[in-house]
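Below is target.txt, holding compact mmCIF, C-alpha atoms.
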```txt
# COMPACT_ATOMS: atom_id res chain seq x y z
CA MET A 1 99.24 128.28 94.11
CA THR A 2 99.71 131.52 96.05
CA ILE A 3 97.03 134.18 95.62
CA PRO A 4 97.65 137.84 96.51
CA TYR A 5 94.78 139.71 98.11
CA VAL A 6 94.04 143.03 99.76
CA ILE A 7 91.74 143.93 102.62
CA ASN A 8 90.47 147.50 102.60
CA GLN A 9 89.07 148.87 105.83
CA GLY A 10 87.00 152.01 105.95
CA ASN A 11 88.66 154.19 108.55
CA PRO A 12 87.01 157.59 108.49
CA SER A 13 88.73 160.65 109.84
CA ASP A 14 87.70 164.27 109.97
CA ASP A 15 91.33 165.18 109.21
CA ILE A 16 91.63 165.58 105.43
CA ARG A 17 95.35 164.78 105.60
CA TYR A 18 94.56 161.11 106.18
CA ASN A 19 93.28 158.55 103.73
CA ASN A 20 89.96 157.11 104.81
CA ILE A 21 90.71 153.62 103.52
CA ASP A 22 93.40 151.44 105.09
CA THR A 23 94.69 148.86 102.62
CA THR A 24 96.67 145.83 103.76
CA TYR A 25 98.31 143.43 101.33
CA TYR A 26 98.52 139.68 101.91
CA SER A 27 99.00 136.43 100.05
CA SER A 28 97.79 132.94 100.74
CA GLU A 29 97.61 129.51 99.30
CA LYS A 30 94.41 129.39 97.27
CA GLU A 31 92.83 126.67 99.40
CA ASN A 32 93.42 128.66 102.63
CA MET A 33 92.53 132.12 101.36
CA VAL A 34 88.92 132.36 102.59
CA GLU A 35 89.83 131.13 106.07
CA GLU A 36 92.71 133.62 106.27
CA ILE A 37 90.58 136.53 105.04
CA VAL A 38 87.87 135.76 107.58
CA ASP A 39 90.42 135.41 110.37
CA LYS A 40 91.99 138.79 109.59
CA ILE A 41 88.57 140.46 109.50
CA ILE A 42 87.38 138.94 112.78
CA ASN A 43 90.64 139.84 114.54
CA THR A 44 90.07 143.48 113.56
CA MET A 45 86.45 143.22 114.68
CA TYR A 46 87.60 141.87 118.03
CA GLU A 47 90.09 144.68 118.52
CA PHE A 48 87.35 147.21 117.83
CA CYS A 49 84.68 145.54 120.00
CA SER A 50 86.66 144.24 122.97
CA GLY A 51 86.88 146.01 126.28
CA GLU A 52 90.61 145.35 126.40
CA TYR A 53 91.51 146.95 123.05
CA GLY A 54 88.45 148.75 121.79
CA HIS A 55 85.04 150.07 122.68
CA ASP A 56 83.63 147.29 124.90
CA ILE A 57 80.63 146.62 122.68
CA LYS A 58 78.62 143.49 121.95
CA ILE A 59 77.50 142.66 118.44
CA SER A 60 74.74 140.36 117.20
CA SER A 61 75.71 140.09 113.52
CA TYR A 62 78.19 141.43 111.00
CA GLU A 63 75.65 144.13 110.07
CA ASP A 64 75.37 145.08 113.73
CA PHE A 65 79.16 145.41 113.85
CA CYS A 66 79.09 147.68 110.79
CA ASP A 67 76.29 149.83 112.23
CA LYS A 68 78.10 150.28 115.55
CA TYR A 69 81.45 150.85 113.83
CA TRP A 70 80.13 153.77 111.76
CA LYS A 71 78.17 155.18 114.70
CA ILE A 72 81.28 155.19 116.91
CA LYS A 73 83.48 156.59 114.14
CA GLU A 74 80.83 159.32 113.62
CA ILE A 75 81.75 159.68 109.94
CA VAL A 76 80.50 157.34 107.24
CA ILE A 77 82.52 157.04 104.06
CA ASP A 78 80.30 157.70 101.06
CA GLY A 79 79.37 154.46 99.33
CA TRP A 80 80.46 152.23 102.23
CA TYR A 81 78.22 150.20 104.49
CA TYR A 82 80.34 147.13 105.12
CA VAL A 83 83.53 148.09 106.94
CA PHE A 84 85.74 145.84 104.80
CA SER A 85 86.17 145.22 101.10
CA VAL A 86 88.40 142.45 99.82
CA TYR A 87 89.99 141.81 96.42
CA TYR A 88 92.12 138.92 95.28
CA PHE A 89 94.16 138.35 92.15
CA GLU A 90 93.59 135.28 90.04
CA ASN A 91 94.29 136.17 86.39
CA ASN A 92 92.77 139.58 87.23
CA TRP A 93 91.56 141.41 90.34
CA MET A 94 88.25 140.06 91.61
CA GLU A 95 86.11 141.03 94.56
CA TRP A 96 85.65 138.64 97.45
CA ASN A 97 82.19 139.85 98.31
CA VAL A 98 82.01 140.50 102.04
CA GLU A 99 78.21 140.76 101.97
CA GLU A 100 77.95 137.22 100.61
CA HIS A 101 80.17 135.99 103.45
CA LYS A 102 78.70 138.02 106.34
CA GLU A 103 77.22 134.97 108.13
CA LEU A 104 80.51 133.10 107.78
CA ILE A 105 82.37 136.11 109.21
CA TYR A 106 80.03 136.49 112.18
CA THR A 107 79.97 132.74 112.93
CA ALA A 108 83.79 132.65 112.88
CA TYR A 109 83.87 135.70 115.16
CA VAL A 110 81.53 134.07 117.72
CA ASN A 111 83.45 130.79 117.56
CA LYS A 112 86.85 132.45 118.07
CA TYR A 113 85.70 135.07 120.61
CA PRO A 114 82.73 133.41 122.38
CA LEU A 115 82.57 135.85 125.30
CA GLN A 116 82.21 138.90 123.10
```
Can the structure in the file be given as structure tokens, please?
Amino acid sequence: MTIPYVINQGNPSDDIRYNNIDTTYYSSEKENMVEEIVDKIINTMYEFCSGEYGHDIKISSYEDFCDKYWKIKEIVIDGWYYVFSVYYFENNWMEWNVEEHKELIYTAYVNKYPLQ
């Protein structure tokens, strides 16, 4: 069964013409959804942290990533600490709680990008 889901990324801007939340829509087979969500999140983390694409920073946890992300962006979106929020649809929209999966996200990040 295919499950639609969305990944919201806090993307603060001091320009009021721009939305501060980037929403990307996806779908996945139910049994692959968690792996795909994590992979999309860690790819974005890599782009932000890497010297090649981003800010050339090292992180020690998902919380450390979030702290450095907001510090570099210089603007924190009210009510946001974790950079991503995820929702999937299975009879109704439900939250895939990023906080509950923060160790999984960081472990996957380190495994995929070991030199970061």
Can I get the residues of segment 7-46 of chain A within 9 Å of segment 95-110 of chain A, each with the closest pair of atoms and their distance in Å to one decimal, using all atoms listed in the file, sorted chain first then ascending number, as a Markdown table?
```
| residue | atom | partner | partner_atom | distance |
| --- | --- | --- | --- | --- |
| A:Val34 | CA | A:Trp96 | CA | 8.7 |
| A:Val38 | CA | A:Ile105 | CA | 5.7 |
| A:Asp39 | CA | A:Ala108 | CA | 7.6 |
| A:Ile41 | CA | A:Ile105 | CA | 7.6 |
| A:Ile42 | CA | A:Tyr109 | CA | 5.3 |
| A:Asn43 | CA | A:Tyr109 | CA | 8.0 |
| A:Met45 | CA | A:Tyr109 | CA | 8.0 |
| A:Tyr46 | CA | A:Tyr109 | CA | 7.8 |
```
d(atom CA of Thr24 of chain A, atom CA of Ile7 of chain A) in Å: 5.4 Å
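Comparing A:Tyr88, A:Ser60, A:Tyr53, A:Met94 by their smallest distance to Ser28 of chain A, the closest is A:Tyr88 (using all atoms listed in the file).
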If you measure from atom CA of Glu90 of chain A to atom CA of Asp22 of chain A, what distance in Å do you get, rounded to one decimal?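 So the two atoms, atom CA of Glu90 of chain A and atom CA of Asp22 of chain A, lie 22.1 Å apart.
In this comparison, which uses all atoms listed in the file, the residue of A:Asn91, A:Thr2, A:Gln9, A:Ser61 approaching Lys30 of chain A most closely is A:Thr2.
Between atom CA of Asp56 of chain A and atom CA of Lys71 of chain A the separation is 14.0 Å.
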Nearest-residue call for Pro4 of chain A, choices A:Thr44, A:Asn111, A:Asn92, A:Asn20, using all atoms listed in the file: A:Asn92
One residue among A:Trp93, A:Pro114, A:Val76, A:Ile59 is nearest to Ile21 of chain A when using all atoms listed in the file, and that residue is A:Val76
One residue among A:Gly51, A:Ser85, A:Tyr113, A:Ile72 is nearest to Tyr5 of chain A when using only C-alpha atoms, and that residue is A:Ser85
